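Heads up: the structure comes next, in C-alpha cells.
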Amino acid sequence: MRPIVPDYLTEVLRGVEPDVSGEPAGYIPELASADPERLGAVLATVDGEVYGAGDCDVEFTIQSISKPFVYALALADRGFDPVLAKVGVEPSGEAFNEISLEGDTGRPRNPMINAGAITAHSLAGPDNATPAARIGRVIQGLSAFAGRALAVDERVCASEMESAHRNLALGHLLRSYGILTEDPRAVVDGYIRQCSVLVTARDLAMMAATLANRGVNPLSGEQVVDEAVVRQVLSVMATCGMYDAAGDWATQVGIPAKSGVAGGLIGALPGQVGIATFSPRLDAHGNSVRGVSLFERLSSDMGLHVMEVPPAARAVVRSNRIRPGAVGSTRVFRLQGGIRFAGAEKIVREVVQTAPSEPRVVLDISLVYSIDDVSRRMLLEVARRLTLDGQEVYLVDPEVMVPDPDPGDGGRLAVVDDLEQALNHPGWPALR
Ligand code: GLN
C-alpha cells in the first residue's frame, strides 16, 4: 500500500499553490531575490517518521524560527531566573521588529520579537563566552535540534548585516538599559548569523518534532534541552510566536508556532508531531501567506488544535468485579488506558462508591499504558486508605508503571505480575 500522509500533503500543497499574494521579505536584499514559487510541507512524528511533499530539501535561512530554539539554549545554559530577569514572556501584540521595551525596566516583552531574541542570543552559552564562542554554541545547539550539522549562509548574513540599522538600534537601546552588557554590535552580529543558518523544511520539521517530543530529537535520541525548558518555549511560541497575528493564529490554528521572514513556518504539537512549511511570500505581519493557509488546513483536517478537548477519561475503570480465589473473595478493579488527574479521580470515586468489603483488593494496571505523577500518588493513597481499613491491597503491575510503590504512612501494597498471583497469593507479607 502507498503511504497515505505524503499523498495528503501533496493534495494540500496543490490547494494553496494558486495563491500568489504577498511578497518575499524586501528589507534583506538577498531574501528579496528568493524564488517565490517554492512550496513544501513536512511532517515529522515524535517517533521519527518523516513525511514530506514539494520542496522539502531546498535550503533557506532559518531567520526568526531560530528564536524559540536559541531561547531554549539560553534557558538551558543560564537557568530560568537570569533569563527571565532580562526577557519577559508577555505577548507584545506588535510587529517582530518593533522598537519596544518595557517602560520601567527596559526589558524586551518576549523572546520572539527581535529585541527579546537579540537579548536571548546574548544569553546563550556560559556567562563569559566570547561572541565567537557564543555563535559556536548557537550553531551547535540548532544543529542538535535538527539532528545534523547546520551551516551559515554567508551571503544572506552579510546582506542583512549591511542593512541592520533597526536591529542595531535595538541593540544600542538594550545596551543603554543594561539589558545587554557588552558591545551591542557584536551581539547583533551574532544574532544575524544565527538568523542566517541554512535549513530545509525537513530540518525544521525535525526541530519542531524535538520540541513536540519533550526535547529529545526523535532520530538522534539526544535530549537537547530538558522538559521544563520545552514547556516554557512552547508556551511562549503559543502566545507570541506569530507576533501581532498571535491571537488569530491561536484561535484558528491552535498549534505553538514560529515563522521566519525567509518563508519558513513551524508548528510543534506536544506529544504528536512537528510540522514545517516553506513558501517565501509574506503577509503584512511577516508570516508566510501560503504557510499560514497550509497550517489552517492541516489543523482543521487533522484535528490538531491544542484546545480541542479530548474524549473524557471515561473508561479508565474497565471492570469492577468480585473474584473467587484460593484464600477467599477478592475485589478486582481493572484499570486501562492513559491515566492523568481526571482519570485518577474516576478511579478514586469508583473505589469510594464501591466501598469494598472483601478482605483483599486488587488494582490491576496491566492494561494501563501511561500514568502521570499525580495519578500515581492518588493510586498509592487509595492503597494506603484501604490498608488502614484492614484490607490487603495488591497492585498488578507487570510493566512497572509504579516504580516506587510505597503508599507511606501505614499503607502497604504487594506488587505482583499478574492477576492470578494476586488472587492466589497466600497473604502478606511477600512484597516484591
Ligand atoms: N533576521 C530577521 C530580522 O531580525 C529575522 C526576522 C524574522 O524572521 N521575522 O529582521
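Every chain in the C-alpha cells has a letter given in the order shown (A, B, ...), and although residue numbers restart at 1 in each chain, ligands are simply numbered from 1 in the order shown.
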Would you name the residues within 6 Å of ligand 1, counting only C-alpha atoms and all ligand atoms, and put them as a list in words?
->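 Going residue by residue within 6 Å of ligand 1, we get Gln63, Ser64, Phe96, Asn114, Ile192, Cys195, Gly260 and Val261 of chain A.
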Mind writing the picked residues with all heavy atoms as a PDB file, in the first residue's frame?
```
ATOM      1  N   GLN A  63      16.086  32.358   9.845  1.00  0.00           N
ATOM      2  CA  GLN A  63      15.568  33.647  10.328  1.00  0.00           C
ATOM      3  C   GLN A  63      14.937  33.521  11.715  1.00  0.00           C
ATOM      4  O   GLN A  63      15.521  32.890  12.573  1.00  0.00           O
ATOM      5  CB  GLN A  63      14.612  34.257   9.291  1.00  0.00           C
ATOM      6  CG  GLN A  63      15.303  34.581   7.963  1.00  0.00           C
ATOM      7  CD  GLN A  63      16.458  35.577   8.084  1.00  0.00           C
ATOM      8  OE1 GLN A  63      16.534  36.317   9.040  1.00  0.00           O
ATOM      9  NE2 GLN A  63      17.371  35.579   7.122  1.00  0.00           N
ATOM     10  N   SER A  64      13.749  34.059  11.892  1.00  0.00           N
ATOM     11  CA  SER A  64      13.184  34.120  13.246  1.00  0.00           C
ATOM     12  C   SER A  64      12.796  32.769  13.823  1.00  0.00           C
ATOM     13  O   SER A  64      12.477  32.681  15.015  1.00  0.00           O
ATOM     14  CB  SER A  64      11.953  35.017  13.258  1.00  0.00           C
ATOM     15  OG  SER A  64      12.355  36.359  13.179  1.00  0.00           O
ATOM     16  N   PHE A  96       7.352  42.194  14.586  1.00  0.00           N
ATOM     17  CA  PHE A  96       8.550  41.497  15.074  1.00  0.00           C
ATOM     18  C   PHE A  96       9.721  42.433  15.327  1.00  0.00           C
ATOM     19  O   PHE A  96      10.557  42.177  16.179  1.00  0.00           O
ATOM     20  CB  PHE A  96       8.953  40.377  14.111  1.00  0.00           C
ATOM     21  CG  PHE A  96       9.465  40.832  12.766  1.00  0.00           C
ATOM     22  CD1 PHE A  96      10.827  41.057  12.571  1.00  0.00           C
ATOM     23  CD2 PHE A  96       8.603  41.007  11.699  1.00  0.00           C
ATOM     24  CE1 PHE A  96      11.305  41.460  11.331  1.00  0.00           C
ATOM     25  CE2 PHE A  96       9.072  41.413  10.464  1.00  0.00           C
ATOM     26  CZ  PHE A  96      10.428  41.654  10.276  1.00  0.00           C
ATOM     27  N   ASN A 114      12.258  40.808  17.935  1.00  0.00           N
ATOM     28  CA  ASN A 114      13.706  40.940  17.755  1.00  0.00           C
ATOM     29  C   ASN A 114      14.435  41.400  19.018  1.00  0.00           C
ATOM     30  O   ASN A 114      15.515  40.890  19.339  1.00  0.00           O
ATOM     31  CB  ASN A 114      14.013  41.901  16.611  1.00  0.00           C
ATOM     32  CG  ASN A 114      13.705  41.285  15.257  1.00  0.00           C
ATOM     33  OD1 ASN A 114      13.107  40.204  15.192  1.00  0.00           O
ATOM     34  ND2 ASN A 114      14.110  41.950  14.188  1.00  0.00           N
ATOM     35  N   ILE A 192      22.370  38.007  13.892  1.00  0.00           N
ATOM     36  CA  ILE A 192      22.122  37.925  12.448  1.00  0.00           C
ATOM     37  C   ILE A 192      22.761  36.656  11.863  1.00  0.00           C
ATOM     38  O   ILE A 192      22.177  36.020  10.982  1.00  0.00           O
ATOM     39  CB  ILE A 192      22.570  39.230  11.762  1.00  0.00           C
ATOM     40  CG1 ILE A 192      21.524  40.311  12.108  1.00  0.00           C
ATOM     41  CG2 ILE A 192      22.708  39.070  10.247  1.00  0.00           C
ATOM     42  CD1 ILE A 192      21.874  41.706  11.666  1.00  0.00           C
ATOM     43  N   CYS A 195      20.332  33.997  12.543  1.00  0.00           N
ATOM     44  CA  CYS A 195      19.194  34.047  11.609  1.00  0.00           C
ATOM     45  C   CYS A 195      19.572  33.527  10.221  1.00  0.00           C
ATOM     46  O   CYS A 195      18.708  33.171   9.428  1.00  0.00           O
ATOM     47  CB  CYS A 195      18.676  35.480  11.480  1.00  0.00           C
ATOM     48  SG  CYS A 195      17.843  36.087  12.953  1.00  0.00           S
ATOM     49  N   GLY A 260       9.373  32.662  10.043  1.00  0.00           N
ATOM     50  CA  GLY A 260      10.611  33.358   9.699  1.00  0.00           C
ATOM     51  C   GLY A 260      10.436  34.096   8.387  1.00  0.00           C
ATOM     52  O   GLY A 260       9.662  33.654   7.528  1.00  0.00           O
ATOM     53  N   VAL A 261      11.163  35.201   8.224  1.00  0.00           N
ATOM     54  CA  VAL A 261      10.946  36.027   7.024  1.00  0.00           C
ATOM     55  C   VAL A 261      11.495  35.427   5.740  1.00  0.00           C
ATOM     56  O   VAL A 261      11.243  35.956   4.661  1.00  0.00           O
ATOM     57  CB  VAL A 261      11.494  37.474   7.154  1.00  0.00           C
ATOM     58  CG1 VAL A 261      10.650  38.316   8.077  1.00  0.00           C
ATOM     59  CG2 VAL A 261      12.951  37.505   7.523  1.00  0.00           C
TER      60      VAL A 261
END
```
Helix (DSSP H, G or I) call set, DSSP backbone run, segment 268-366 of chain A, as a ChimeraX atom specification | /A:289-302,314-316,341-354
Interface rows for segment 115-201 of chain A against segment 52-60 of chain A: nearest pair, Å to one decimal, 6 Å, only C-alpha atoms, as JSON lines:
```
{"residue": "A:Leu198", "atom": "CA", "partner": "A:Phe60", "partner_atom": "CA", "distance": 5.3}
{"residue": "A:Val199", "atom": "CA", "partner": "A:Glu59", "partner_atom": "CA", "distance": 5.2}
{"residue": "A:Thr200", "atom": "CA", "partner": "A:Glu59", "partner_atom": "CA", "distance": 4.6}
{"residue": "A:Ala201", "atom": "CA", "partner": "A:Cys56", "partner_atom": "CA", "distance": 5.0}
```
Take the selection from the previous step and output its residues with N, CA and C atoms, as an mmCIF file, in the first residue's frame.
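This is the output file selection20.cif:
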```
data_model
loop_
_atom_site.group_PDB
_atom_site.id
_atom_site.type_symbol
_atom_site.label_atom_id
_atom_site.label_comp_id
_atom_site.auth_asym_id
_atom_site.auth_seq_id
_atom_site.Cartn_x
_atom_site.Cartn_y
_atom_site.Cartn_z
ATOM 1 N N LEU A 198 21.349 27.958 7.560
ATOM 2 C CA LEU A 198 20.588 27.313 6.485
ATOM 3 C C LEU A 198 19.882 26.054 6.977
ATOM 4 N N VAL A 199 18.622 25.945 6.631
ATOM 5 C CA VAL A 199 17.834 24.754 6.980
ATOM 6 C C VAL A 199 16.942 24.384 5.797
ATOM 7 N N THR A 200 16.417 23.175 5.848
ATOM 8 C CA THR A 200 15.377 22.764 4.904
ATOM 9 C C THR A 200 14.086 22.593 5.697
ATOM 10 N N ALA A 201 12.979 22.436 4.990
ATOM 11 C CA ALA A 201 11.710 22.189 5.692
ATOM 12 C C ALA A 201 11.817 20.888 6.495
#
```
Residue neighbourhood Phe145 of chain A, 8 Å, only C-alpha atoms, exclusion window fewer than 2 positions, as an NGL selection string | :A and (69 or 141-143 or 147 or 206-207 or 210 or 217 or 224)
Within 9 Å of Val332 of chain A, counting only C-alpha atoms, which residues qualify if same-chain residues fewer than 3 places away don't, as a list of chain:residue names?
->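 My reading of the contact set: A:Ser319, A:Asn320, A:Arg321, A:Ile322, A:Arg323, A:Arg360, A:Val361, A:Val362, A:Leu363, A:Asp364, A:Leu419.
Nearest to Ser288 of chain A of all the residues A:Val316, A:Leu211, A:Ile179, A:Val16 is A:Val16, based on only C-alpha atoms.
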Excluding Arg318 of chain A and residues on its chain fewer than 3 positions from it, collect all residues at most 12 Å away from it, counting only C-alpha atoms, and give them as JSON, numbers by chain.
-> {"A": [313, 314, 315, 321, 332, 333, 334, 335, 336, 337, 343, 346, 347, 350, 363, 364, 365, 366, 367, 368]}
Atom-to-atom span, atom CA of Glu37 of chain A and atom CA of Ile266 of chain A, Å |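 We find that atom CA of Glu37 of chain A and atom CA of Ile266 of chain A lie 18.7 Å from each other.
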Polymer residues at most 9 Å from Ala250 of chain A, only C-alpha atoms, same-chain spacing of 5 or more positions, as a list in words |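 Residues meeting the cut-off are Ala238, Thr239, Met242, Ala245, Ile255, Pro256 and His305 of chain A.
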Selected residues written out, N, CA, C and O atoms, as a JSON list (two decimals), in the first residue's frame:
```
[["chain", "number", "residue", "atom", "x", "y", "z"],
["A", 238, "ALA", "N", 3.25, 29.64, 21.70],
["A", 238, "ALA", "CA", 1.79, 29.67, 21.59],
["A", 238, "ALA", "C", 1.25, 31.08, 21.75],
["A", 238, "ALA", "O", 0.29, 31.47, 21.09],
["A", 239, "THR", "N", 1.87, 31.87, 22.63],
["A", 239, "THR", "CA", 1.32, 33.21, 22.89],
["A", 239, "THR", "C", 1.96, 34.30, 22.04],
["A", 239, "THR", "O", 1.33, 35.32, 21.78],
["A", 242, "MET", "N", 3.58, 34.25, 16.64],
["A", 242, "MET", "CA", 3.14, 34.83, 15.37],
["A", 242, "MET", "C", 2.97, 36.34, 15.48],
["A", 242, "MET", "O", 2.20, 36.96, 14.74],
["A", 245, "ALA", "N", -0.11, 38.63, 14.93],
["A", 245, "ALA", "CA", -1.19, 37.76, 14.45],
["A", 245, "ALA", "C", -1.38, 36.59, 15.40],
["A", 245, "ALA", "O", -2.06, 35.61, 15.08],
["A", 255, "ILE", "N", -1.73, 25.77, 17.26],
["A", 255, "ILE", "CA", -0.52, 24.96, 17.41],
["A", 255, "ILE", "C", 0.61, 25.92, 17.76],
["A", 255, "ILE", "O", 0.80, 26.91, 17.05],
["A", 256, "PRO", "N", 1.38, 25.67, 18.83],
["A", 256, "PRO", "CA", 2.53, 26.53, 19.11],
["A", 256, "PRO", "C", 3.40, 26.63, 17.86],
["A", 256, "PRO", "O", 3.75, 25.60, 17.27],
["A", 305, "HIS", "N", -5.72, 21.22, 16.71],
["A", 305, "HIS", "CA", -5.79, 22.37, 17.63],
["A", 305, "HIS", "C", -5.57, 21.90, 19.06],
["A", 305, "HIS", "O", -6.24, 20.99, 19.54]]
```
